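Chemist: My structure is in coords-v6.csv, and what it holds is CSV, C-alpha atoms:
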chain,number,residue,atom,x,y,z
A,1,MET,CA,35.7,-69.5,-9.6
A,2,SER,CA,37.3,-67.2,-12.1
A,3,SER,CA,34.6,-64.5,-11.6
A,4,ASP,CA,36.1,-64.1,-8.1
A,5,ASP,CA,39.7,-64.1,-9.3
A,6,PRO,CA,41.4,-61.1,-7.7
A,7,ARG,CA,43.4,-60.7,-10.9
A,8,ASN,CA,40.2,-59.9,-12.9
A,9,ARG,CA,40.0,-56.3,-14.2
A,10,GLN,CA,37.5,-54.2,-16.0
A,11,TYR,CA,37.8,-51.1,-18.0
A,12,THR,CA,35.3,-48.6,-19.3
A,13,ASN,CA,35.0,-45.7,-21.7
A,14,GLY,CA,31.6,-44.6,-20.4
A,15,GLU,CA,29.8,-46.5,-23.1
A,16,ILE,CA,31.0,-50.0,-22.7
A,17,THR,CA,32.9,-52.0,-20.1
A,18,VAL,CA,35.6,-54.5,-21.1
A,19,PHE,CA,36.2,-57.4,-18.7
A,20,TRP,CA,39.5,-59.1,-18.4
A,21,LYS,CA,39.9,-62.6,-16.9
A,22,PRO,CA,43.5,-63.7,-16.9
A,23,SER,CA,42.7,-67.3,-16.0
A,24,LYS,CA,40.9,-67.7,-19.3
A,25,CYS,CA,43.7,-66.2,-21.5
A,26,ILE,CA,45.4,-68.6,-23.8
A,27,HIS,CA,47.9,-66.1,-25.3
A,28,ALA,CA,46.3,-66.1,-28.7
A,29,THR,CA,47.6,-62.5,-28.9
A,30,THR,CA,44.7,-61.5,-31.1
A,31,CYS,CA,43.9,-58.5,-29.0
A,32,PHE,CA,47.2,-56.7,-29.2
A,33,ARG,CA,48.0,-57.9,-32.8
A,34,GLU,CA,44.8,-56.3,-33.9
A,35,LEU,CA,44.6,-53.2,-31.7
A,36,ILE,CA,47.7,-52.3,-29.9
A,37,GLU,CA,46.3,-48.8,-29.3
A,38,VAL,CA,43.9,-50.3,-26.8
A,39,PHE,CA,45.5,-53.6,-25.8
A,40,ASN,CA,49.1,-53.1,-25.0
A,41,PRO,CA,50.6,-55.6,-22.5
A,42,GLY,CA,53.7,-53.4,-22.1
A,43,ARG,CA,51.7,-50.6,-20.6
A,44,ARG,CA,49.9,-50.2,-17.2
A,45,PRO,CA,47.0,-50.3,-17.2
A,46,TRP,CA,47.4,-52.5,-20.3
A,47,VAL,CA,43.9,-51.7,-21.6
A,48,ASN,CA,43.4,-48.1,-22.8
A,49,MET,CA,39.7,-47.6,-23.5
A,50,ASN,CA,40.4,-44.3,-25.2
A,51,GLY,CA,42.7,-45.8,-27.8
A,52,ALA,CA,40.0,-46.6,-30.4
A,53,PRO,CA,36.3,-46.1,-31.1
A,54,THR,CA,33.9,-48.3,-29.2
A,55,ARG,CA,32.9,-50.1,-32.4
A,56,ARG,CA,36.5,-51.2,-33.0
A,57,ILE,CA,37.0,-52.3,-29.4
A,58,ILE,CA,33.9,-54.5,-29.6
A,59,GLU,CA,35.1,-56.0,-32.9
A,60,VAL,CA,38.5,-57.0,-31.4
A,61,VAL,CA,37.1,-58.3,-28.0
A,62,ASN,CA,34.7,-60.5,-30.0
A,63,LYS,CA,37.8,-62.1,-31.6
A,64,CYS,CA,39.2,-63.3,-28.3
A,65,PRO,CA,39.2,-67.1,-28.7
A,66,THR,CA,38.2,-67.6,-25.1
A,67,GLN,CA,36.2,-65.5,-22.7
A,68,ALA,CA,39.3,-63.9,-21.3
A,69,LEU,CA,38.1,-60.6,-22.8
A,70,GLU,CA,34.4,-59.8,-22.8
A,71,TRP,CA,32.4,-56.6,-23.1
A,72,LYS,CA,29.0,-55.2,-22.1
A,73,TYR,CA,27.1,-52.0,-22.8
A,74,ASN,CA,27.1,-49.9,-19.6
A,75,ARG,CA,23.4,-49.3,-20.1
A,76,ASP,CA,23.0,-53.1,-19.5
A,77,LEU,CA,24.9,-53.0,-16.3
A,78,SER,CA,23.8,-51.8,-12.8
A,79,GLU,CA,25.5,-48.7,-11.4
A,80,SER,CA,27.6,-50.7,-9.0
A,81,GLU,CA,28.9,-52.9,-11.8
A,82,ILE,CA,30.2,-49.9,-13.7
A,83,ARG,CA,33.6,-49.0,-12.5
A,84,ASP,CA,37.0,-48.6,-14.0
A,85,ILE,CA,39.8,-50.5,-12.5
A,86,GLY,CA,40.8,-47.3,-10.6
A,87,GLU,CA,43.3,-48.1,-7.9
A,88,LEU,CA,45.9,-50.8,-8.7
A,89,ASN,CA,46.6,-52.4,-5.4
A,90,THR,CA,47.9,-55.6,-7.0
A,91,VAL,CA,50.1,-56.1,-9.9
A,92,GLU,CA,48.1,-56.2,-13.1
A,93,VAL,CA,48.4,-59.4,-15.1
A,94,THR,CA,48.5,-59.1,-18.9
A,95,PRO,CA,48.6,-61.7,-21.6
A,96,GLU,CA,52.4,-61.3,-21.7
A,97,THR,CA,53.2,-61.7,-18.0
A,98,LEU,CA,51.1,-64.8,-18.0
A,99,THR,CA,53.4,-66.6,-20.3
A,100,GLY,CA,56.5,-68.3,-18.9
A,101,THR,CA,56.0,-71.9,-18.0
A,102,GLU,CA,55.0,-73.2,-21.4
A,103,LYS,CA,58.5,-73.3,-22.8
A,104,ASP,CA,59.6,-75.6,-20.0
A,105,LEU,CA,57.2,-78.3,-20.9
A,106,LYS,CA,59.0,-81.5,-21.9
A,107,THR,CA,56.0,-82.7,-24.0
A,108,VAL,CA,53.8,-80.6,-26.2
A,109,LYS,CA,50.3,-80.3,-24.8
A,110,VAL,CA,47.4,-80.2,-27.2
A,111,GLU,CA,44.1,-79.3,-25.6
A,112,ILE,CA,40.8,-79.4,-27.4
A,113,LEU,CA,38.5,-76.7,-26.0
A,114,LYS,CA,34.8,-77.5,-25.9
A,115,ASP,CA,33.1,-75.9,-29.0
A,116,GLY,CA,36.3,-73.9,-29.4
A,117,PRO,CA,39.9,-74.1,-30.8
A,118,ILE,CA,42.8,-76.4,-30.4
A,119,ILE,CA,45.2,-75.0,-27.8
A,120,VAL,CA,48.9,-76.0,-28.1
A,121,LYS,CA,51.5,-75.4,-25.4
A,122,GLY,CA,55.2,-76.3,-25.3
A,123,ASN,CA,58.1,-76.2,-27.7
A,124,PHE,CA,56.7,-76.7,-31.2
A,125,LYS,CA,56.8,-75.4,-34.7
A,126,VAL,CA,53.9,-74.6,-37.0
A,127,ILE,CA,53.9,-75.2,-40.7
A,128,GLY,CA,51.2,-73.4,-42.7
A,129,PRO,CA,49.1,-74.7,-45.6
A,130,GLN,CA,51.7,-73.6,-48.1
A,131,GLY,CA,54.3,-75.7,-46.5
A,132,ASN,CA,55.9,-72.6,-45.0
A,133,GLU,CA,57.2,-72.6,-41.5
A,134,ILE,CA,55.2,-69.9,-39.8
A,135,LYS,CA,57.1,-69.8,-36.5
A,136,SER,CA,58.2,-71.6,-33.5
A,137,MET,CA,56.2,-70.7,-30.4
A,138,HIS,CA,55.2,-71.8,-27.0
A,139,MET,CA,51.5,-71.2,-27.1
A,140,THR,CA,48.9,-70.8,-29.8
A,141,SER,CA,45.4,-71.8,-30.8
A,142,PHE,CA,44.2,-73.4,-34.0
A,143,CYS,CA,40.8,-72.9,-35.6
A,144,ARG,CA,38.6,-76.0,-35.4
A,145,CYS,CA,35.3,-74.5,-36.7
A,146,GLY,CA,36.5,-73.9,-40.2
A,147,GLY,CA,35.5,-70.2,-40.1
A,148,SER,CA,38.5,-68.3,-39.0
A,149,LYS,CA,39.8,-65.4,-41.1
A,150,SER,CA,43.3,-65.9,-39.8
A,151,MET,CA,43.8,-69.5,-40.7
A,152,PRO,CA,45.2,-71.7,-39.4
A,153,PHE,CA,44.8,-69.8,-36.2
A,154,CYS,CA,41.7,-69.2,-34.1
A,155,ASP,CA,40.1,-65.7,-34.4
A,156,GLY,CA,37.1,-66.2,-32.2
A,157,THR,CA,34.7,-66.9,-35.1
A,158,HIS,CA,33.5,-70.2,-33.5
A,159,ARG,CA,31.5,-68.2,-31.0
A,160,LYS,CA,29.9,-66.0,-33.7
A,161,ILE,CA,28.8,-69.1,-35.7
A,162,LYS,CA,28.0,-71.1,-32.6
A,163,PHE,CA,30.3,-74.0,-33.5
A,164,SER,CA,29.4,-77.2,-31.7
A,165,GLU,CA,31.8,-80.1,-31.5
A,166,ASN,CA,28.8,-82.4,-31.4
A,167,ASP,CA,27.5,-81.5,-34.8
B,1,MET,CA,68.5,-73.0,-30.6
B,2,GLU,CA,66.0,-74.7,-28.4
B,3,LYS,CA,64.7,-78.1,-29.3
B,4,GLN,CA,61.2,-78.4,-30.6
B,5,ASN,CA,59.3,-81.4,-29.4
B,6,ALA,CA,56.5,-81.4,-31.9
B,7,THR,CA,55.5,-80.1,-35.3
B,8,LEU,CA,52.0,-78.9,-36.2
B,9,LYS,CA,51.3,-78.8,-39.8
B,10,ALA,CA,48.1,-77.3,-41.2
B,11,LEU,CA,47.6,-79.3,-44.3
B,12,SER,CA,46.3,-77.3,-47.3
B,13,ASN,CA,42.5,-77.4,-47.2
B,14,GLY,CA,42.8,-80.3,-44.8
B,15,PRO,CA,43.4,-81.3,-41.2
B,16,LEU,CA,46.1,-80.4,-38.6
B,17,GLU,CA,48.8,-83.0,-38.6
B,18,ILE,CA,50.6,-83.4,-35.3
B,19,THR,CA,53.9,-85.3,-35.1
B,20,GLY,CA,56.6,-85.6,-32.4
B,21,LYS,CA,56.3,-85.7,-28.6
B,22,PHE,CA,52.8,-84.6,-27.5
B,23,THR,CA,49.7,-85.5,-25.6
B,24,ILE,CA,46.1,-84.5,-26.7
B,25,THR,CA,43.3,-84.0,-24.2
B,26,ASP,CA,39.7,-83.6,-25.2
B,27,SER,CA,37.3,-81.0,-23.9
B,28,SER,CA,36.6,-83.1,-20.8
B,29,GLY,CA,40.3,-83.3,-20.0
B,30,LYS,CA,40.6,-86.9,-21.0
B,31,GLU,CA,43.8,-87.9,-22.8
B,32,ILE,CA,42.8,-89.2,-26.2
B,33,ALA,CA,46.1,-89.5,-28.1
B,34,GLY,CA,49.8,-89.4,-27.5
B,35,LYS,CA,51.4,-90.9,-30.5
B,36,GLY,CA,51.7,-89.4,-34.0
B,37,PRO,CA,50.9,-88.7,-36.5
B,38,VAL,CA,47.4,-87.5,-35.5
B,39,TYR,CA,45.1,-85.6,-37.8
B,40,LEU,CA,42.7,-83.1,-36.1
B,41,CYS,CA,39.7,-81.6,-38.0
B,42,ARG,CA,40.1,-78.0,-39.1
B,43,CYS,CA,37.1,-77.7,-41.3
B,44,GLY,CA,34.5,-78.1,-38.6
B,45,GLY,CA,32.6,-80.8,-40.4
B,46,SER,CA,34.0,-84.1,-39.2
B,47,LYS,CA,31.6,-86.5,-37.7
B,48,ASN,CA,34.5,-87.9,-35.6
B,49,LYS,CA,35.7,-84.7,-33.9
B,50,PRO,CA,38.2,-83.8,-32.8
B,51,PHE,CA,39.7,-86.1,-35.5
B,52,CYS,CA,39.6,-85.7,-39.2
B,53,ASP,CA,37.3,-88.0,-41.1
B,54,GLY,CA,37.9,-86.6,-44.6
B,55,THR,CA,34.8,-84.4,-44.6
B,56,HIS,CA,37.0,-81.4,-45.8
B,57,ASN,CA,37.1,-83.1,-49.2
B,58,VAL,CA,33.3,-82.8,-49.6
B,59,ASN,CA,32.4,-79.6,-47.8
B,60,GLY,CA,34.6,-77.3,-49.8
B,61,PHE,CA,36.8,-76.3,-46.9
B,62,SER,CA,39.5,-73.8,-47.8
B,63,GLY,CA,42.3,-72.7,-45.5
Show me this structure written as structure tokens.

Modeler:
Amino acid sequence: MSSDDPRNRQYTNGEITVFWKPSKCIHATTCFRELIEVFNPGRRPWVNMNGAPTRRIIEVVNKCPTQALEWKYNRDLSESEIRDIGELNTVEVTPETLTGTEKDLKTVKVEILKDGPIIVKGNFKVIGPQGNEIKSMHMTSFCRCGGSKSMPFCDGTHRKIKFSEND
Amino acid sequence: MEKQNATLKALSNGPLEITGKFTITDSSGKEIAGKGPVYLCRCGGSKNKPFCDGTHNVNGFSG
């Protein structure tokens, strides 16, 4: 169960709490491309809740293509649920330190997520709609709902528009 | 320069074309394709998801 994962972390600014579940991270890198002031994998702790206004943090967390990052208002949490990560007795996992094995894959793995994006892992290159080579990478996620603002990549819009693969 | 096993091409206003050495698994973990080229729906409108069925031509998909 990922909710019991000892690597899970949570961070609060007093108003909201951001929950981080490494097991669900697909390295879309949306969080730190959008808001490095808050989500900086090179720093410990890697989430700095004082780096931007609450509204902006919510905006970027909502763009996470999976539920690796989620948020809740503290007023909707019980007192025992509201805590900052505090003591770091284990090494904190970030989207960057999770990467590593993908580049060793002999075959590219394409995974369709239920009601979500297309995840690609391995050694591959991406060519954009204009025929331009975007970049070579080891992991990314492609929009499948048609609604992303960062085409061809996923930006989390599928959750906002309630994309269903059965429609 | 490390070798790339597959190429993923987002066709203009169309599907995602996958060629090379790859496997595709669906949302239940079942392997559904392993030989290219394969065209995956990007517009959200295909009736044959995850594959393209040409719906992007009629729903005005842009991207």

Chemist: Considering only C-alpha atoms, return as a PyMOL selection string whatever protein or nucleic-acid residues lie within 9 Å of stretch 31-45 of chain B, sequence-local ones (same chain, fewer than 4 positions apart) excluded.

Modeler: (chain A and resi 118+142-147+152+163-165+167) or (chain B and resi 10+13-26+49-56+59-63)

Chemist: Go ahead and save the picked residues with C-alpha atoms, as a CSV table (one decimal), keeping the file's coordinate frame.

Modeler:
chain,number,residue,atom,x,y,z
A,118,ILE,CA,42.8,-76.4,-30.4
A,142,PHE,CA,44.2,-73.4,-34.0
A,143,CYS,CA,40.8,-72.9,-35.6
A,144,ARG,CA,38.6,-76.0,-35.4
A,145,CYS,CA,35.3,-74.5,-36.7
A,146,GLY,CA,36.5,-73.9,-40.2
A,147,GLY,CA,35.5,-70.2,-40.1
A,152,PRO,CA,45.2,-71.7,-39.4
A,163,PHE,CA,30.3,-74.0,-33.5
A,164,SER,CA,29.4,-77.2,-31.7
A,165,GLU,CA,31.8,-80.1,-31.5
A,167,ASP,CA,27.5,-81.5,-34.8
B,10,ALA,CA,48.1,-77.3,-41.2
B,13,ASN,CA,42.5,-77.4,-47.2
B,14,GLY,CA,42.8,-80.3,-44.8
B,15,PRO,CA,43.4,-81.3,-41.2
B,16,LEU,CA,46.1,-80.4,-38.6
B,17,GLU,CA,48.8,-83.0,-38.6
B,18,ILE,CA,50.6,-83.4,-35.3
B,19,THR,CA,53.9,-85.3,-35.1
B,20,GLY,CA,56.6,-85.6,-32.4
B,21,LYS,CA,56.3,-85.7,-28.6
B,22,PHE,CA,52.8,-84.6,-27.5
B,23,THR,CA,49.7,-85.5,-25.6
B,24,ILE,CA,46.1,-84.5,-26.7
B,25,THR,CA,43.3,-84.0,-24.2
B,26,ASP,CA,39.7,-83.6,-25.2
B,49,LYS,CA,35.7,-84.7,-33.9
B,50,PRO,CA,38.2,-83.8,-32.8
B,51,PHE,CA,39.7,-86.1,-35.5
B,52,CYS,CA,39.6,-85.7,-39.2
B,53,ASP,CA,37.3,-88.0,-41.1
B,54,GLY,CA,37.9,-86.6,-44.6
B,55,THR,CA,34.8,-84.4,-44.6
B,56,HIS,CA,37.0,-81.4,-45.8
B,59,ASN,CA,32.4,-79.6,-47.8
B,60,GLY,CA,34.6,-77.3,-49.8
B,61,PHE,CA,36.8,-76.3,-46.9
B,62,SER,CA,39.5,-73.8,-47.8
B,63,GLY,CA,42.3,-72.7,-45.5

Chemist: Calculate how many Å separate atom CA of A:Pro117 from atom CA of A:Glu59, rounding to one decimal.

Modeler: 18.8 Å

Chemist: Excluding stretch 6-9 of chain A and its own-chain neighbours fewer than 5 positions away, which residues fall within 7 Å of it when counting all atoms listed in the file? Please give them as an NGL selection string.

Modeler: :A and (19-22 or 85 or 92-93)

Chemist: Name all residues at most 8 Å from stretch 73-83 of chain A (count only C-alpha atoms; drop same-chain ones fewer than 2 positions away) and give them as a list in words.

Modeler: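 So, after excluding close chain neighbours, the residues are Gln10, Tyr11, Thr12, Gly14, Glu15, Ile16, Thr17, Trp71, Ile85 and Gly86 of chain A.
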
Chemist: Emit the selected residues as a compact mmCIF listing (two decimals), in the coordinates of the input, including C-alpha atoms.

Modeler:
# COMPACT_ATOMS: atom_id res chain seq x y z
CA GLN A 10 37.50 -54.20 -16.00
CA TYR A 11 37.80 -51.10 -18.00
CA THR A 12 35.30 -48.60 -19.30
CA GLY A 14 31.60 -44.60 -20.40
CA GLU A 15 29.80 -46.50 -23.10
CA ILE A 16 31.00 -50.00 -22.70
CA THR A 17 32.90 -52.00 -20.10
CA TRP A 71 32.40 -56.60 -23.10
CA ILE A 85 39.80 -50.50 -12.50
CA GLY A 86 40.80 -47.30 -10.60

Chemist: Within 7 Å of chain B, which residues of chain A show up? Give each one with its shortest atom-to-atom distance in Å (one decimal) and the two atoms involved, counting all atoms listed in the file, rows by chain then rising residue number, as a tab-separated table.

Modeler:
residue	atom	partner	partner_atom	distance
A:Thr107	CA	B:Phe22	CA	5.1
A:Val108	CA	B:Phe22	CA	4.3
A:Lys109	CA	B:Thr23	CA	5.3
A:Val110	CA	B:Ile24	CA	4.5
A:Glu111	CA	B:Thr25	CA	5.0
A:Ile112	CA	B:Asp26	CA	4.9
A:Leu113	CA	B:Ser27	CA	4.9
A:Lys114	CA	B:Ser27	CA	4.7
A:Asn123	CA	B:Gln4	CA	4.8
A:Phe124	CA	B:Ala6	CA	4.8
A:Lys125	CA	B:Thr7	CA	4.9
A:Val126	CA	B:Leu8	CA	4.8
A:Ile127	CA	B:Lys9	CA	4.5
A:Gly128	CA	B:Ala10	CA	5.2
A:Pro129	CA	B:Ser12	CA	4.2
A:Gln130	CA	B:Ser12	CA	6.6
A:Cys143	CA	B:Arg42	CA	6.2
A:Arg144	CA	B:Arg42	CA	4.5
A:Cys145	CA	B:Gly44	CA	4.1
A:Gly146	CA	B:Cys43	CA	4.0
A:Met151	CA	B:Gly63	CA	6.0
A:Pro152	CA	B:Ala10	CA	6.6
A:Glu165	CA	B:Lys49	CA	6.5

Chemist: Take the residues just selected and output them with C-alpha atoms as a PDB file, in the coordinates of the input.

Modeler:
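Result file is result-v8.pdb:
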ATOM      1  CA  THR A 107      56.000 -82.700 -24.000  1.00  0.00           C
ATOM      2  CA  VAL A 108      53.800 -80.600 -26.200  1.00  0.00           C
ATOM      3  CA  LYS A 109      50.300 -80.300 -24.800  1.00  0.00           C
ATOM      4  CA  VAL A 110      47.400 -80.200 -27.200  1.00  0.00           C
ATOM      5  CA  GLU A 111      44.100 -79.300 -25.600  1.00  0.00           C
ATOM      6  CA  ILE A 112      40.800 -79.400 -27.400  1.00  0.00           C
ATOM      7  CA  LEU A 113      38.500 -76.700 -26.000  1.00  0.00           C
ATOM      8  CA  LYS A 114      34.800 -77.500 -25.900  1.00  0.00           C
ATOM      9  CA  ASN A 123      58.100 -76.200 -27.700  1.00  0.00           C
ATOM     10  CA  PHE A 124      56.700 -76.700 -31.200  1.00  0.00           C
ATOM     11  CA  LYS A 125      56.800 -75.400 -34.700  1.00  0.00           C
ATOM     12  CA  VAL A 126      53.900 -74.600 -37.000  1.00  0.00           C
ATOM     13  CA  ILE A 127      53.900 -75.200 -40.700  1.00  0.00           C
ATOM     14  CA  GLY A 128      51.200 -73.400 -42.700  1.00  0.00           C
ATOM     15  CA  PRO A 129      49.100 -74.700 -45.600  1.00  0.00           C
ATOM     16  CA  GLN A 130      51.700 -73.600 -48.100  1.00  0.00           C
ATOM     17  CA  CYS A 143      40.800 -72.900 -35.600  1.00  0.00           C
ATOM     18  CA  ARG A 144      38.600 -76.000 -35.400  1.00  0.00           C
ATOM     19  CA  CYS A 145      35.300 -74.500 -36.700  1.00  0.00           C
ATOM     20  CA  GLY A 146      36.500 -73.900 -40.200  1.00  0.00           C
ATOM     21  CA  MET A 151      43.800 -69.500 -40.700  1.00  0.00           C
ATOM     22  CA  PRO A 152      45.200 -71.700 -39.400  1.00  0.00           C
ATOM     23  CA  GLU A 165      31.800 -80.100 -31.500  1.00  0.00           C
TER      24      GLU A 165
END

Chemist: I want to know what sits within 12 Å of A:Phe39, based on all atoms listed in the file, with residues of the same chain fewer than 5 positions away left out; could you give that as a PyMOL selection string?

Modeler: chain A and resi 11+18+20+29-34+44-52+56-57+60-61+64+69+94-96

Chemist: State, in Å with one decimal place, the distance from atom CA of A:Asp115 to atom CA of B:Val58.

Modeler: 21.7 Å

Chemist: Calculate how many Å separate atom CA of A:Lys24 from atom CA of A:Ser150, rounding to one decimal.

Modeler: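 Atom CA of A:Ser150 lies 20.7 Å from atom CA of A:Lys24.
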
Chemist: Add whatever atoms are absent from stretch 103-118 of chain A to reach N, CA and C atoms, and provide the output as a PDB file, in the frame of the given file.

Modeler:
ATOM      1  N   LYS A 103      57.282 -72.854 -22.097  1.00  0.00           N
ATOM      2  CA  LYS A 103      58.500 -73.300 -22.800  1.00  0.00           C
ATOM      3  C   LYS A 103      59.272 -74.343 -22.063  1.00  0.00           C
ATOM      4  N   ASP A 104      58.941 -74.567 -20.802  1.00  0.00           N
ATOM      5  CA  ASP A 104      59.600 -75.600 -20.000  1.00  0.00           C
ATOM      6  C   ASP A 104      58.985 -76.956 -20.114  1.00  0.00           C
ATOM      7  N   LEU A 105      57.865 -77.043 -20.802  1.00  0.00           N
ATOM      8  CA  LEU A 105      57.200 -78.300 -20.900  1.00  0.00           C
ATOM      9  C   LEU A 105      58.052 -79.302 -21.731  1.00  0.00           C
ATOM     10  N   LYS A 106      58.144 -80.526 -21.248  1.00  0.00           N
ATOM     11  CA  LYS A 106      59.000 -81.500 -21.900  1.00  0.00           C
ATOM     12  C   LYS A 106      58.195 -82.144 -23.111  1.00  0.00           C
ATOM     13  N   THR A 107      56.898 -82.133 -23.003  1.00  0.00           N
ATOM     14  CA  THR A 107      56.000 -82.700 -24.000  1.00  0.00           C
ATOM     15  C   THR A 107      55.073 -81.606 -24.468  1.00  0.00           C
ATOM     16  N   VAL A 108      54.760 -81.584 -25.736  1.00  0.00           N
ATOM     17  CA  VAL A 108      53.800 -80.600 -26.200  1.00  0.00           C
ATOM     18  C   VAL A 108      52.399 -80.982 -25.778  1.00  0.00           C
ATOM     19  N   LYS A 109      51.684 -80.026 -25.221  1.00  0.00           N
ATOM     20  CA  LYS A 109      50.300 -80.300 -24.800  1.00  0.00           C
ATOM     21  C   LYS A 109      49.317 -79.748 -25.743  1.00  0.00           C
ATOM     22  N   VAL A 110      48.475 -80.631 -26.249  1.00  0.00           N
ATOM     23  CA  VAL A 110      47.400 -80.200 -27.200  1.00  0.00           C
ATOM     24  C   VAL A 110      46.096 -80.376 -26.458  1.00  0.00           C
ATOM     25  N   GLU A 111      45.366 -79.291 -26.321  1.00  0.00           N
ATOM     26  CA  GLU A 111      44.100 -79.300 -25.600  1.00  0.00           C
ATOM     27  C   GLU A 111      42.955 -78.930 -26.534  1.00  0.00           C
ATOM     28  N   ILE A 112      41.932 -79.773 -26.588  1.00  0.00           N
ATOM     29  CA  ILE A 112      40.800 -79.400 -27.400  1.00  0.00           C
ATOM     30  C   ILE A 112      39.777 -78.691 -26.490  1.00  0.00           C
ATOM     31  N   LEU A 113      39.439 -77.465 -26.838  1.00  0.00           N
ATOM     32  CA  LEU A 113      38.500 -76.700 -26.000  1.00  0.00           C
ATOM     33  C   LEU A 113      37.061 -77.043 -26.520  1.00  0.00           C
ATOM     34  N   LYS A 114      36.139 -77.179 -25.578  1.00  0.00           N
ATOM     35  CA  LYS A 114      34.800 -77.500 -25.900  1.00  0.00           C
ATOM     36  C   LYS A 114      34.201 -76.395 -26.860  1.00  0.00           C
ATOM     37  N   ASP A 115      33.704 -76.821 -28.002  1.00  0.00           N
ATOM     38  CA  ASP A 115      33.100 -75.900 -29.000  1.00  0.00           C
ATOM     39  C   ASP A 115      34.065 -74.745 -29.326  1.00  0.00           C
ATOM     40  N   GLY A 116      35.360 -75.004 -29.179  1.00  0.00           N
ATOM     41  CA  GLY A 116      36.300 -73.900 -29.400  1.00  0.00           C
ATOM     42  C   GLY A 116      37.583 -74.495 -30.106  1.00  0.00           C
ATOM     43  N   PRO A 117      38.660 -73.728 -30.019  1.00  0.00           N
ATOM     44  CA  PRO A 117      39.900 -74.100 -30.800  1.00  0.00           C
ATOM     45  C   PRO A 117      40.708 -75.195 -30.180  1.00  0.00           C
ATOM     46  N   ILE A 118      41.789 -75.502 -30.850  1.00  0.00           N
ATOM     47  CA  ILE A 118      42.800 -76.400 -30.400  1.00  0.00           C
ATOM     48  C   ILE A 118      43.926 -75.594 -29.771  1.00  0.00           C
TER      49      ILE A 118
END
